[in-house]
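*Asks:* Could you have a look at this structure, given as structure tokens, before my questions?
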Amino acid sequence: MTHNQTSAIVESPARWIRSRNRWTIFEILFWIATLAPLYFFPAYLNLASQVAITALFALSVDLVLGYAGIITLGHAMFFGLGAFTAGILSSRYGWGEPISGLLLGGMVAALAGYVTSFLIVRVQHLALIMVTLGLGLLTFELANSLRWLTGGTDGLTGISTWKIFGYFRFDLWGYTSYAYSLAVLFLGFLICRLVVSSSFGLALRGIRENVQRMPAIGSDYKWHLRKVYTISAAIAGIAGALLTQTTNTVTLEVLSFQRSADVVVMLILGGTGRLYGAIIGAVIFLVAKDQLAGINPQYWFLWIGILLMAVVLFMPKGILGGLSRLIRRED
Amino acid sequence: MINNIVIVLFDGFAFGMLLFVLSVGLTVTLGLMNFINLAHGAFGMVGGYVTVMLMRQYGVPFLLTLPLAFLGAALVSVVLERIFFRRLYRSGELNQVLFTIGLVFVAAAGATYFFGTGQQPIVLPSWLRGSVELFGIRFGVYRMFLIAVSLAITAVLFFTLERTRFGAKIRASVDNQKVAQALGLNVERIFAITFALGSGLAGLGGALAVEIVGLDPSFGFHFLVYVLIVVSVGGLGSIAGSFLGAALLGIGDVAGKYLVPELGSFLIYLLLVAILLVKPTGLLGKR
Amino acid sequence: QETVKVGLILPYSGPFADAAKQLEAGVTLYIQKHGDEVAGKKIELIRKDTGGPNADVARRLAQELVVRDQVDILAGFALTPEAVGVAEIATEAKKLTVLMNAATSSIIDLSPYMVRTSVTIPQVNYALGKWAVEEAGVKQAYTLVSDYGPGHDAESSFAKGFTEAGGTILGADRTPVANPDFSAYVQRVKDSNPEAVYIFVPGGAQPAAIGKALADRGLSPPDTKIFAQGELTHPEALESMGETARGVITTFHYTLERDDPLNKEFVDGYHAANNGRSPDLFSIGGYDGMHLIYEALKKTNGDASGDALIEAAKGMSWDSPRGPMSIDPETRDVVQTVYIREVQEVDGKLQNVVIHEIPEVKDPLHGAAK
Amino acid sequence: MVLSTQSLCKKFGSLEVARDISINLPAGARYALIGPNGAGKTTFINLVTGQLKPDSGRILLDGQDITRTGTADRVRKGLTRTFQINRLFPELTPLESVTLAVCEREGVSANFWRGLSAHRDAIEEGFAILSRLGLADVATRPTRQLAYGQQRLVEIALALATKPKVLLLDEPAAGVPKDESAMLFKVVANLPEDIAVLFIEHDMEIVFSFATQVIVLVGGAVLLQAGPDEVKEDPRVREVYLGSAHV
Amino acid sequence: MSETLLELKDVRSGYHEAVVLDRISVSIAAGGSLAVLGRNGVGKTTFLLTIMGIVRPMRGTITFKGTEVSRLTPDRRALLGIGWVPQEREVFKSLSVEENLTVAARPGRWDLDAIYALFPRLKERRRNMGDQLSGGEQQMLAIARTLMTNPSLLLLDEPLEGLAPIIVEELTAAIRRMAQDEGLTLVLVEQHADVALKLTDRAIILERGLVAHEAPSADLLADRKTLDRYVGLKLDAPAANAG
Ligand SMILES: Nc1ncnc2c1ncn2[C@@H]1O[C@H](COP(=O)(O)OP(=O)(O)OP(=O)(O)O)[C@@H](O)[C@H]1O
Ligand SMILES: Nc1ncnc2c1ncn2[C@@H]1O[C@H](COP(=O)(O)OP(=O)(O)OP(=O)(O)O)[C@@H](O)[C@H]1O
Ligand SMILES: [Mg+2]
Ligand SMILES: [Mg+2]
């Protein structure tokens, strides 16, 4: 700790805290860079939308995992609920308006999140992981057995999403999809950023660091957990609805264990508890997968496996953690 | 009627024992060592391929391949432990998750490369096949064999891990590596041995399971969910708990499917969630 | 020289990797045999991995194939959701889309550019249901199917054929898709003591498992007849089941051991190219799919536009290793011979022996809808 | 009485760790709780604050029965404790930790739509508490990196941040050097007059110079409650607890 | 006093880049005892951790019984005869009291009987798990656990913290006995400087990472001025009763 830093704190601790939450030049550049695919890589726009959607999903998981310390292997449950809500709305009720579909998807997922959060807060550690996993798999099986509603393993057919604001049509190249997904991702990110830099975000970190201490400082931490779980479920649901709307398809896979596990892998890969880790993780994982699978569709996961192992060995705090350490060392 | 009850209980118990052999290795690595070893299934796969290849290519008898499956998986794990895992003991559960998932990917690719994507059937010796009739009920011979093996494994592990100083040394090392080491315990060696034991058991479980669940390169992922369920329901670190949990899940699952088949695919998850909500540390777990 | 690009969308990784591998082996065998040039164009394959039944991924891959790689034809589709995801793209981009496996009947209606060279589940199972009553003289049966789309289709089409012919279904149970233990269900079957049991499970490890479970309970032919779709007695499953498989009756559109020079050539070629591995339903779907693409291109003189190709494909008929087959000009679906086979010992080895052939079977659901 | 317990009983298996404990703390109390190791002192605090459920007996805070109230609610009603073995937030800085406690007290911690820095008062109050305990210099380092003695002080700071009416301190000075423990007790002494303090301490110099009343707990039961001088002279206390050193 | 048992030469150590201790050169004769004093956070614990090998020195050498141990792992050092009692007790939670005692025990003067005689409380609680003990009981267990390894050099980090006065009395008597009669060598970190100085024959005072003062304990005990300056021993009566 340098001397003038100390005196800055003494002068105004609040200002010191605020300075830690200011937008940095890196962040601004990062978001500008997200526009690049629109101009430079139009052939990759469909991939880019899928990355943006997955990144939003990963953000929602970072809220509960990275900040509140709830390791979940069942978050696809909320993603899938959002996806199915939007899909059913369009294919069964003929309502394909995107924005309202997103919101409804988010609301349904949030409701499910709120209800299950009462179970989640009762358990910890392995039991917690397993309860999230169990609930996720139960939802999957439920969707499978409600074939009349969900289309079962074949998936829902006949989804069509209307133009955004009645104007932007979803094109084959994916310009609209990407712009739409990116905008929603950015909004979701702003919400997450606000949440984690608020006093509520601090309480979440307190829970992650030492749950047992929380009641002793007068904290109704279970209520905090239920709340963040609900917020996170809503965001995951929105991400799911976004996937439905940009692809006009929903299959059971949106609810699968694989999806839950993949998103956690991406999040850890990027680095937990720092929001951007979720985005970077999704980008690296999906782009690497796309490129490697392009080279060899049968063995790409060998290289992904090696990537994951290498990251753990050389960047134990995820890619972003590793990068930020490098940067800090340089200046 | 009574016959049906007996046979359903027997089948359920046998199914439970299948789950037990698949997961007992994880009870050691995850339960005792606190190492989130999602590559458990990959070690099981090693054991499975050892058995299949020895039987097919060299005509080694099935029973003899079992200890070799144990050794094969244990050997692979010792090498990996020395190079990789030991660095991960302290680095947090998320890194362990990521690393071991990466390892499963690599293992699956390796298996695809060497053995192809197809199923690898084995042909058991005739004395282990078919069923025998006792009191007018037909019991599957292989199922009885599984039950016997599981009881033996449980007994051996229970006495070596829960009743000897070695068990206490493992727990001490896991509790607090720093202090255990400062007291003169060779934590590295303890961990290496324990890890090899856990992986060896995984290999043995894989070899025993091939007959029932088959073997292909996705084996490593396939039963991950099941084994995690058994370990968490049994309670971390308790061999007896795993045994009990597996038996309970097996019987519950088979009996449930028999009585309410519509709930077939929900049962095991319902049991999981219900048990953990009532007893978050599992049936016999302390942590 | 101009090329015709074919985008092959398959689950190369994950639990269905074997299906993708077998299907692709069929495709490459065809190209190997017939050269990679047709109607003056060079055929180029671009392979894409969906990782499993992921409609959204399949859709994105199709989009990319169309906009990035500019393919002319979409093909592959081991799993129904993959085809579902791609349908809209096929229509919008006007690309011939060859379903080389996806076996749910209705998906072919999703796009006018789709054509199927595999099989539909109702096609083989409806026929089996009828045959079971009419020819095998079975009066009542119990059905046991995997609890997912194809299983449900199999259950209903078998039951339809069976009951229409005058049989009764005693009971119907559905087993979880990833079910490692069948004992409870098998016990239920035994409790109702049916004359026959009908089984549908996905390929892989389950056929052997369920076969052994039935035998352990004493449910085996000839006392209890066992009917199933062909996957149940694929070669690896037969090896693992051993004696207990004897007498099992299955229905399929392709039989490995079918005595026919075309088939023999196909099987031998396949063995040679794949380390002795035998072809299966995926391989034949891929092989015939490629045949359809080649023939259509010949007809259009190398015009690879979707409209031209789909017109050329409609009504096409040919002799395949599986037997005579054609494409229904109205539904674009496959019309072919359905084989009823029984597991018998031939030269000391158990194999599927054809005991009955039903020629020119159409998908009954499409027929019924009209 | 701000806090009183009525015949609290608790058993761990066959071990009776609380036997009929009835204690009254008036406002402004500066009481010490002493007794041999394993006498049940920490257990008593656990019972009073709700970490453990009593087998029987009642706990009253400001005359209100709180026996069934949850721990967090008791803290919000003004009943706070510290822990004998640190329970801190290792990766948070002391400033964040204490600010968190202040936010919880003010009920703004559930507020997720305003940045933390908007709660300026809470942050400044947190910092003031740390400054009083001599932790200003390390306020922005991760708690994990502080020396043990400093961590002990963070433990106290967290408790103070809840603005307690009753403060239960479990060996607050253990591991803190003499001069700093003196400062610590000065801070506690200077708390508003109406705050009742009960502290456990094995350092008799501190006990006898700071406590107005001393409660001696032996084998789960109250042996004696009296002024420091009387306790010092009591032969029973000497025999089981003080030994010869303090003759 | 006989030959040197432990010697630190020009040792620098700390955490990552942060240097906590520097230029530390100290030696202790077999059977000798050393008090380590200093303010909160000067690095007393780090000093012990460096000897034990939990913190690796960045520079300098540590020799124990004539062999250089600077690069050895803690378990190797423990087997050579160094025993350490951690400041935060760190008893094994998932082991019973008795298992805690026996898990790393090595034969010698201290066995279960001897320990139970010194701490009867532990005998009563021997079936309890490590996390079902009172703070003081944990402290006793931490000391006893290390004694069970029968070390020839004992590193004690504030061992009297949290113990009842009567236990402190018994324990200090026991430590004195061990040092004087059995030739056990001792390094003692203690807040109660007076107690520490009475128990040891030499003392060092750490300040800003360096050894600021070194003297025979008896001399230092008399030298209140030095003590005040470095350790802040003066306990001005807190204004408690005023409150
Ligand atoms: N893991 C760590 N990482 C970084 N710095 C540390 C770490 N542990 C201790 N320190 C720092 O090293 C310095 C010395 O700490 P140490 O624990 O040795 O002090 P101490 O003299 O034992 O203090 P106390 O009397 O409070 O026990 C302190 O400033 C502390 O903040
Ligand atoms: N969970 C538990 N199960 C069984 N016994 C327990 C448990 N927790 C504490 N004990 C026992 O209860 C007794 C009282 O413990 P407590 O922590 O209240 O003592 P204390 O008076 O605070 O002692 P100290 O001064 O050493 O901190 C101890 O003997 C301890 O071993
Ligand atoms: Mg206590
Ligand atoms: Mg210290």
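Every chain in the structure tokens takes a letter, A first, then B, and so on in the order presented; its residues are numbered from 1, and the ligands are numbered from 1 following the presented order.
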Distance cut-off 7 Å, counting only C-alpha atoms - which residues of chain A neighbour chain C? Return them as a ChimeraX atom specification.
*Replies:* /A:43,46-47,144,152-155,172-173,247,249-251,253,293-294,297-298
*Asks:* Would you save the residues from that selection as a CSV table (one decimal), in the first residue's frame, using all heavy atoms?
*Replies:*
chain,number,residue,atom,x,y,z
A,43,ALA,N,-19.7,-12.6,-41.6
A,43,ALA,CA,-20.0,-14.1,-41.7
A,43,ALA,C,-20.0,-14.8,-40.4
A,43,ALA,O,-20.5,-15.9,-40.3
A,43,ALA,CB,-18.9,-14.7,-42.6
A,46,ASN,N,-23.8,-14.9,-36.8
A,46,ASN,CA,-24.7,-15.8,-36.1
A,46,ASN,C,-24.0,-16.4,-34.9
A,46,ASN,O,-24.6,-16.6,-33.8
A,46,ASN,CB,-25.1,-16.9,-37.0
A,46,ASN,CG,-26.2,-16.4,-38.0
A,46,ASN,OD1,-27.2,-15.9,-37.6
A,46,ASN,ND2,-25.9,-16.5,-39.3
A,47,LEU,N,-22.7,-16.7,-35.1
A,47,LEU,CA,-21.9,-17.2,-33.9
A,47,LEU,C,-21.8,-16.1,-32.9
A,47,LEU,O,-22.0,-16.3,-31.7
A,47,LEU,CB,-20.5,-17.5,-34.4
A,47,LEU,CG,-19.5,-17.9,-33.3
A,47,LEU,CD1,-20.0,-19.2,-32.7
A,47,LEU,CD2,-18.1,-18.1,-33.9
A,144,ASN,N,-39.9,-32.9,-20.8
A,144,ASN,CA,-39.9,-34.1,-21.7
A,144,ASN,C,-41.3,-34.8,-21.6
A,144,ASN,O,-41.8,-35.2,-22.7
A,144,ASN,CB,-38.8,-35.1,-21.3
A,144,ASN,CG,-38.8,-36.3,-22.2
A,144,ASN,OD1,-39.1,-36.2,-23.4
A,144,ASN,ND2,-38.4,-37.4,-21.7
A,152,GLY,N,-41.6,-32.2,-26.7
A,152,GLY,CA,-40.7,-33.3,-26.3
A,152,GLY,C,-39.3,-33.2,-26.9
A,152,GLY,O,-38.8,-32.1,-27.2
A,153,THR,N,-38.7,-34.3,-27.1
A,153,THR,CA,-37.3,-34.3,-27.7
A,153,THR,C,-37.2,-33.7,-29.1
A,153,THR,O,-36.2,-33.3,-29.5
A,153,THR,CB,-36.7,-35.7,-27.8
A,153,THR,OG1,-37.8,-36.6,-28.0
A,153,THR,CG2,-35.9,-36.1,-26.6
A,154,ASP,N,-38.3,-33.7,-29.8
A,154,ASP,CA,-38.2,-33.2,-31.2
A,154,ASP,C,-38.2,-31.7,-31.2
A,154,ASP,O,-37.7,-31.1,-32.2
A,154,ASP,CB,-39.5,-33.6,-32.0
A,154,ASP,CG,-39.5,-35.1,-32.2
A,154,ASP,OD1,-38.4,-35.7,-32.0
A,154,ASP,OD2,-40.5,-35.6,-32.7
A,155,GLY,N,-38.6,-31.1,-30.1
A,155,GLY,CA,-38.5,-29.6,-30.0
A,155,GLY,C,-39.8,-29.0,-30.5
A,155,GLY,O,-40.6,-29.6,-31.1
A,172,LEU,N,-31.0,-13.5,-42.6
A,172,LEU,CA,-30.2,-14.7,-42.7
A,172,LEU,C,-28.8,-14.5,-42.2
A,172,LEU,O,-28.2,-15.4,-41.6
A,172,LEU,CB,-30.2,-15.3,-44.1
A,172,LEU,CG,-29.7,-16.7,-44.3
A,172,LEU,CD1,-30.6,-17.7,-43.5
A,172,LEU,CD2,-29.8,-17.0,-45.8
A,173,TRP,N,-28.2,-13.4,-42.5
A,173,TRP,CA,-26.8,-13.1,-42.1
A,173,TRP,C,-26.7,-12.9,-40.6
A,173,TRP,O,-25.7,-13.2,-40.0
A,173,TRP,CB,-26.3,-11.8,-42.8
A,173,TRP,CG,-25.9,-12.1,-44.2
A,173,TRP,CD1,-26.8,-12.3,-45.2
A,173,TRP,CD2,-24.6,-12.3,-44.7
A,173,TRP,NE1,-26.1,-12.6,-46.4
A,173,TRP,CE2,-24.7,-12.6,-46.0
A,173,TRP,CE3,-23.3,-12.3,-44.1
A,173,TRP,CZ2,-23.6,-12.9,-46.8
A,173,TRP,CZ3,-22.2,-12.6,-44.9
A,173,TRP,CH2,-22.4,-12.9,-46.2
A,247,THR,N,-33.3,-17.8,-33.0
A,247,THR,CA,-33.1,-19.0,-33.7
A,247,THR,C,-34.5,-19.7,-34.2
A,247,THR,O,-34.5,-20.6,-35.0
A,247,THR,CB,-32.4,-20.1,-33.0
A,247,THR,OG1,-33.1,-20.4,-31.8
A,247,THR,CG2,-31.0,-19.7,-32.6
A,249,THR,N,-36.2,-21.7,-32.7
A,249,THR,CA,-36.3,-23.1,-32.3
A,249,THR,C,-36.1,-23.2,-30.8
A,249,THR,O,-35.5,-22.4,-30.2
A,249,THR,CB,-35.1,-23.9,-32.9
A,249,THR,OG1,-33.9,-23.4,-32.5
A,249,THR,CG2,-35.2,-24.0,-34.4
A,250,VAL,N,-36.7,-24.2,-30.2
A,250,VAL,CA,-36.4,-24.6,-28.8
A,250,VAL,C,-36.5,-26.1,-28.8
A,250,VAL,O,-37.4,-26.7,-29.3
A,250,VAL,CB,-37.5,-24.1,-27.9
A,250,VAL,CG1,-37.0,-24.1,-26.4
A,250,VAL,CG2,-38.1,-22.8,-28.2
A,251,THR,N,-35.4,-26.6,-28.2
A,251,THR,CA,-35.5,-28.1,-27.9
A,251,THR,C,-35.2,-28.3,-26.5
A,251,THR,O,-34.8,-27.4,-25.7
A,251,THR,CB,-34.4,-28.8,-28.7
A,251,THR,OG1,-33.2,-28.1,-28.6
A,251,THR,CG2,-34.8,-29.0,-30.2
A,253,GLU,N,-32.9,-29.4,-25.1
A,253,GLU,CA,-31.5,-29.2,-24.8
A,253,GLU,C,-31.3,-27.9,-24.0
A,253,GLU,O,-30.4,-27.8,-23.2
A,253,GLU,CB,-30.7,-29.2,-26.1
A,253,GLU,CG,-29.2,-29.4,-25.8
A,253,GLU,CD,-28.6,-28.1,-25.5
A,253,GLU,OE1,-29.1,-27.0,-25.9
A,253,GLU,OE2,-27.5,-28.1,-24.9
A,293,ALA,N,-13.7,-27.0,-34.1
A,293,ALA,CA,-14.6,-27.9,-34.7
A,293,ALA,C,-14.6,-27.8,-36.2
A,293,ALA,O,-14.8,-28.7,-36.9
A,293,ALA,CB,-16.0,-27.8,-34.2
A,294,GLY,N,-14.3,-26.6,-36.6
A,294,GLY,CA,-14.2,-26.3,-38.1
A,294,GLY,C,-13.0,-27.1,-38.6
A,294,GLY,O,-13.0,-27.7,-39.7
A,297,PRO,N,-14.2,-31.8,-36.7
A,297,PRO,CA,-15.4,-31.9,-35.9
A,297,PRO,C,-15.4,-33.0,-34.9
A,297,PRO,O,-16.2,-33.0,-33.9
A,297,PRO,CB,-16.5,-32.1,-36.9
A,297,PRO,CG,-15.8,-32.6,-38.1
A,297,PRO,CD,-14.5,-32.0,-38.1
A,298,GLN,N,-14.5,-34.0,-35.1
A,298,GLN,CA,-14.6,-35.1,-34.2
A,298,GLN,C,-13.7,-35.0,-32.9
A,298,GLN,O,-13.9,-35.5,-31.9
A,298,GLN,CB,-14.2,-36.4,-34.9
A,298,GLN,CG,-15.2,-37.4,-34.8
A,298,GLN,CD,-14.8,-38.7,-35.5
A,298,GLN,OE1,-13.7,-38.9,-35.8
A,298,GLN,NE2,-15.8,-39.5,-35.8
*Asks:* May I have all residues of region 74-168 of chain D that DSSP, computed from the backbone, assigns to strand (DSSP E or B), given as a VMD selection string?
*Replies:* chain D and resid 79 to 81 115 166 to 168
*Asks:* Could you save the residues just selected, with N, CA and C atoms, as a PDB file, in the first residue's frame?
*Replies:*
ATOM      1  N   LEU D  79     -28.549  -6.951  20.224  1.00  0.00           N
ATOM      2  CA  LEU D  79     -27.803  -7.932  21.001  1.00  0.00           C
ATOM      3  C   LEU D  79     -26.680  -8.503  20.140  1.00  0.00           C
ATOM      4  N   THR D  80     -25.462  -8.048  20.366  1.00  0.00           N
ATOM      5  CA  THR D  80     -24.355  -8.420  19.479  1.00  0.00           C
ATOM      6  C   THR D  80     -23.238  -9.098  20.246  1.00  0.00           C
ATOM      7  N   ARG D  81     -22.496  -9.956  19.531  1.00  0.00           N
ATOM      8  CA  ARG D  81     -21.394 -10.651  20.162  1.00  0.00           C
ATOM      9  C   ARG D  81     -20.159 -10.601  19.263  1.00  0.00           C
ATOM     10  N   GLY D 115     -25.431   2.440  -6.166  1.00  0.00           N
ATOM     11  CA  GLY D 115     -24.043   2.059  -5.914  1.00  0.00           C
ATOM     12  C   GLY D 115     -23.709   2.158  -4.432  1.00  0.00           C
ATOM     13  N   VAL D 166     -26.597  -4.419  23.904  1.00  0.00           N
ATOM     14  CA  VAL D 166     -25.883  -5.365  24.750  1.00  0.00           C
ATOM     15  C   VAL D 166     -24.746  -5.930  23.912  1.00  0.00           C
ATOM     16  N   LEU D 167     -23.537  -5.859  24.469  1.00  0.00           N
ATOM     17  CA  LEU D 167     -22.388  -6.333  23.724  1.00  0.00           C
ATOM     18  C   LEU D 167     -21.747  -7.476  24.491  1.00  0.00           C
ATOM     19  N   LEU D 168     -21.664  -8.628  23.838  1.00  0.00           N
ATOM     20  CA  LEU D 168     -21.073  -9.797  24.477  1.00  0.00           C
ATOM     21  C   LEU D 168     -19.739 -10.082  23.808  1.00  0.00           C
TER      22      LEU D 168
END
*Asks:* What residues in chain E lie within 9 Å of chain B, counting only C-alpha atoms, written as an MDAnalysis selection string?
*Replies:* chainID E and resid 52:54 73:80 82:86 90:95 99:100 102:105 145:146 149
*Asks:* Could those residues be written to a file, using N, CA and C atoms, as an mmCIF file, in the first residue's frame?
*Replies:*
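File produced: result_14.cif:
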data_model
loop_
_atom_site.group_PDB
_atom_site.id
_atom_site.type_symbol
_atom_site.label_atom_id
_atom_site.label_comp_id
_atom_site.auth_asym_id
_atom_site.auth_seq_id
_atom_site.Cartn_x
_atom_site.Cartn_y
_atom_site.Cartn_z
ATOM 1 N N MET E 52 9.846 -23.342 10.583
ATOM 2 C CA MET E 52 9.109 -24.582 10.332
ATOM 3 C C MET E 52 9.114 -24.953 8.856
ATOM 4 N N GLY E 53 9.324 -23.964 7.990
ATOM 5 C CA GLY E 53 9.345 -24.263 6.558
ATOM 6 C C GLY E 53 8.025 -24.013 5.864
ATOM 7 N N ILE E 54 7.081 -23.443 6.582
ATOM 8 C CA ILE E 54 5.788 -23.157 5.950
ATOM 9 C C ILE E 54 5.919 -21.904 5.098
ATOM 10 N N THR E 73 10.989 -29.554 3.208
ATOM 11 C CA THR E 73 9.560 -29.330 3.451
ATOM 12 C C THR E 73 9.283 -29.439 4.950
ATOM 13 N N PRO E 74 8.163 -28.885 5.390
ATOM 14 C CA PRO E 74 7.858 -28.910 6.827
ATOM 15 C C PRO E 74 7.869 -30.324 7.419
ATOM 16 N N ASP E 75 7.365 -31.297 6.658
ATOM 17 C CA ASP E 75 7.300 -32.628 7.277
ATOM 18 C C ASP E 75 8.693 -33.199 7.517
ATOM 19 N N ARG E 76 9.626 -32.897 6.602
ATOM 20 C CA ARG E 76 10.988 -33.366 6.823
ATOM 21 C C ARG E 76 11.582 -32.694 8.056
ATOM 22 N N ARG E 77 11.298 -31.410 8.205
ATOM 23 C CA ARG E 77 11.825 -30.697 9.379
ATOM 24 C C ARG E 77 11.205 -31.262 10.657
ATOM 25 N N ALA E 78 9.903 -31.580 10.561
ATOM 26 C CA ALA E 78 9.241 -32.130 11.743
ATOM 27 C C ALA E 78 9.900 -33.443 12.142
ATOM 28 N N LEU E 79 10.229 -34.259 11.137
ATOM 29 C CA LEU E 79 10.841 -35.549 11.463
ATOM 30 C C LEU E 79 12.240 -35.365 12.047
ATOM 31 N N LEU E 80 12.895 -34.258 11.683
ATOM 32 C CA LEU E 80 14.201 -33.988 12.289
ATOM 33 C C LEU E 80 14.065 -33.532 13.740
ATOM 34 N N ILE E 82 11.630 -30.728 14.813
ATOM 35 C CA ILE E 82 11.058 -29.407 15.099
ATOM 36 C C ILE E 82 9.550 -29.555 15.292
ATOM 37 N N GLY E 83 9.048 -28.971 16.359
ATOM 38 C CA GLY E 83 7.602 -29.027 16.594
ATOM 39 C C GLY E 83 7.055 -27.613 16.720
ATOM 40 N N TRP E 84 5.851 -27.410 16.189
ATOM 41 C CA TRP E 84 5.317 -26.036 16.144
ATOM 42 C C TRP E 84 3.879 -26.037 16.635
ATOM 43 N N VAL E 85 3.555 -25.081 17.491
ATOM 44 C CA VAL E 85 2.173 -24.928 17.944
ATOM 45 C C VAL E 85 1.614 -23.655 17.330
ATOM 46 N N PRO E 86 0.661 -23.787 16.416
ATOM 47 C CA PRO E 86 0.197 -22.599 15.702
ATOM 48 C C PRO E 86 -0.591 -21.644 16.595
ATOM 49 N N GLU E 90 -5.771 -24.296 15.243
ATOM 50 C CA GLU E 90 -5.902 -25.152 14.068
ATOM 51 C C GLU E 90 -5.922 -26.630 14.403
ATOM 52 N N VAL E 91 -6.734 -27.006 15.365
ATOM 53 C CA VAL E 91 -6.894 -28.443 15.635
ATOM 54 C C VAL E 91 -7.668 -29.052 14.466
ATOM 55 N N PHE E 92 -7.501 -30.344 14.278
ATOM 56 C CA PHE E 92 -8.193 -31.003 13.169
ATOM 57 C C PHE E 92 -9.654 -31.201 13.551
ATOM 58 N N LYS E 93 -10.523 -30.559 12.791
ATOM 59 C CA LYS E 93 -11.945 -30.554 13.139
ATOM 60 C C LYS E 93 -12.584 -31.923 13.018
ATOM 61 N N SER E 94 -12.146 -32.676 12.010
ATOM 62 C CA SER E 94 -12.865 -33.926 11.771
ATOM 63 C C SER E 94 -12.191 -35.114 12.451
ATOM 64 N N LEU E 95 -11.289 -34.817 13.363
ATOM 65 C CA LEU E 95 -10.698 -35.885 14.154
ATOM 66 C C LEU E 95 -11.119 -35.704 15.611
ATOM 67 N N GLU E 99 -7.728 -38.820 18.380
ATOM 68 C CA GLU E 99 -7.110 -38.957 17.059
ATOM 69 C C GLU E 99 -6.179 -37.788 16.767
ATOM 70 N N ASN E 100 -6.593 -36.591 17.168
ATOM 71 C CA ASN E 100 -5.722 -35.431 17.021
ATOM 72 C C ASN E 100 -4.373 -35.693 17.671
ATOM 73 N N THR E 102 -2.997 -38.694 18.436
ATOM 74 C CA THR E 102 -2.210 -39.841 17.974
ATOM 75 C C THR E 102 -1.858 -39.775 16.492
ATOM 76 N N VAL E 103 -2.538 -38.916 15.741
ATOM 77 C CA VAL E 103 -2.394 -39.016 14.291
ATOM 78 C C VAL E 103 -0.955 -38.838 13.823
ATOM 79 N N ALA E 104 -0.220 -37.970 14.514
ATOM 80 C CA ALA E 104 1.154 -37.754 14.060
ATOM 81 C C ALA E 104 2.156 -38.108 15.149
ATOM 82 N N ALA E 105 1.690 -38.849 16.159
ATOM 83 C CA ALA E 105 2.548 -39.109 17.317
ATOM 84 C C ALA E 105 3.793 -39.889 16.939
ATOM 85 N N ARG E 145 -0.863 -31.906 21.034
ATOM 86 C CA ARG E 145 -0.674 -32.592 19.761
ATOM 87 C C ARG E 145 0.787 -32.497 19.318
ATOM 88 N N THR E 146 1.367 -31.313 19.489
ATOM 89 C CA THR E 146 2.760 -31.148 19.093
ATOM 90 C C THR E 146 3.691 -31.897 20.040
ATOM 91 N N THR E 149 4.541 -35.420 19.253
ATOM 92 C CA THR E 149 5.540 -35.770 18.240
ATOM 93 C C THR E 149 6.941 -35.771 18.855
#
*Asks:* Identify, on the basis of only C-alpha atoms, every residue whose closest approach to region 200-211 of chain D does not exceed 6 Å; exclude the query and any residue fewer than 4 positions from it along the same chain; express the result as a ChimeraX atom specification.
*Replies:* /D:30-34,170-171,228 /E:164,240-241
*Asks:* To one decimal in Å, tell me the separation between CA of Met316 (chain C) and CA of Lys5 (chain C).
*Replies:*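 Separation between CA of Met316 (chain C) and CA of Lys5 (chain C): 21.6 Å.
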*Asks:* Can you tell me which residues sit at most 9 Å away from ligand 3, counting only C-alpha atoms and all ligand atoms, written as a list in words?
*Replies:* Asn37, Gly38, Ala39, Gly40, Lys41, Thr42, Thr43, Ile45, Phe83, Gln84, Ile85, Asp170, Glu171 and Ile200 of chain D; Leu133, Ser134, Gly135, Gly136, Glu137 and Gly162 of chain E
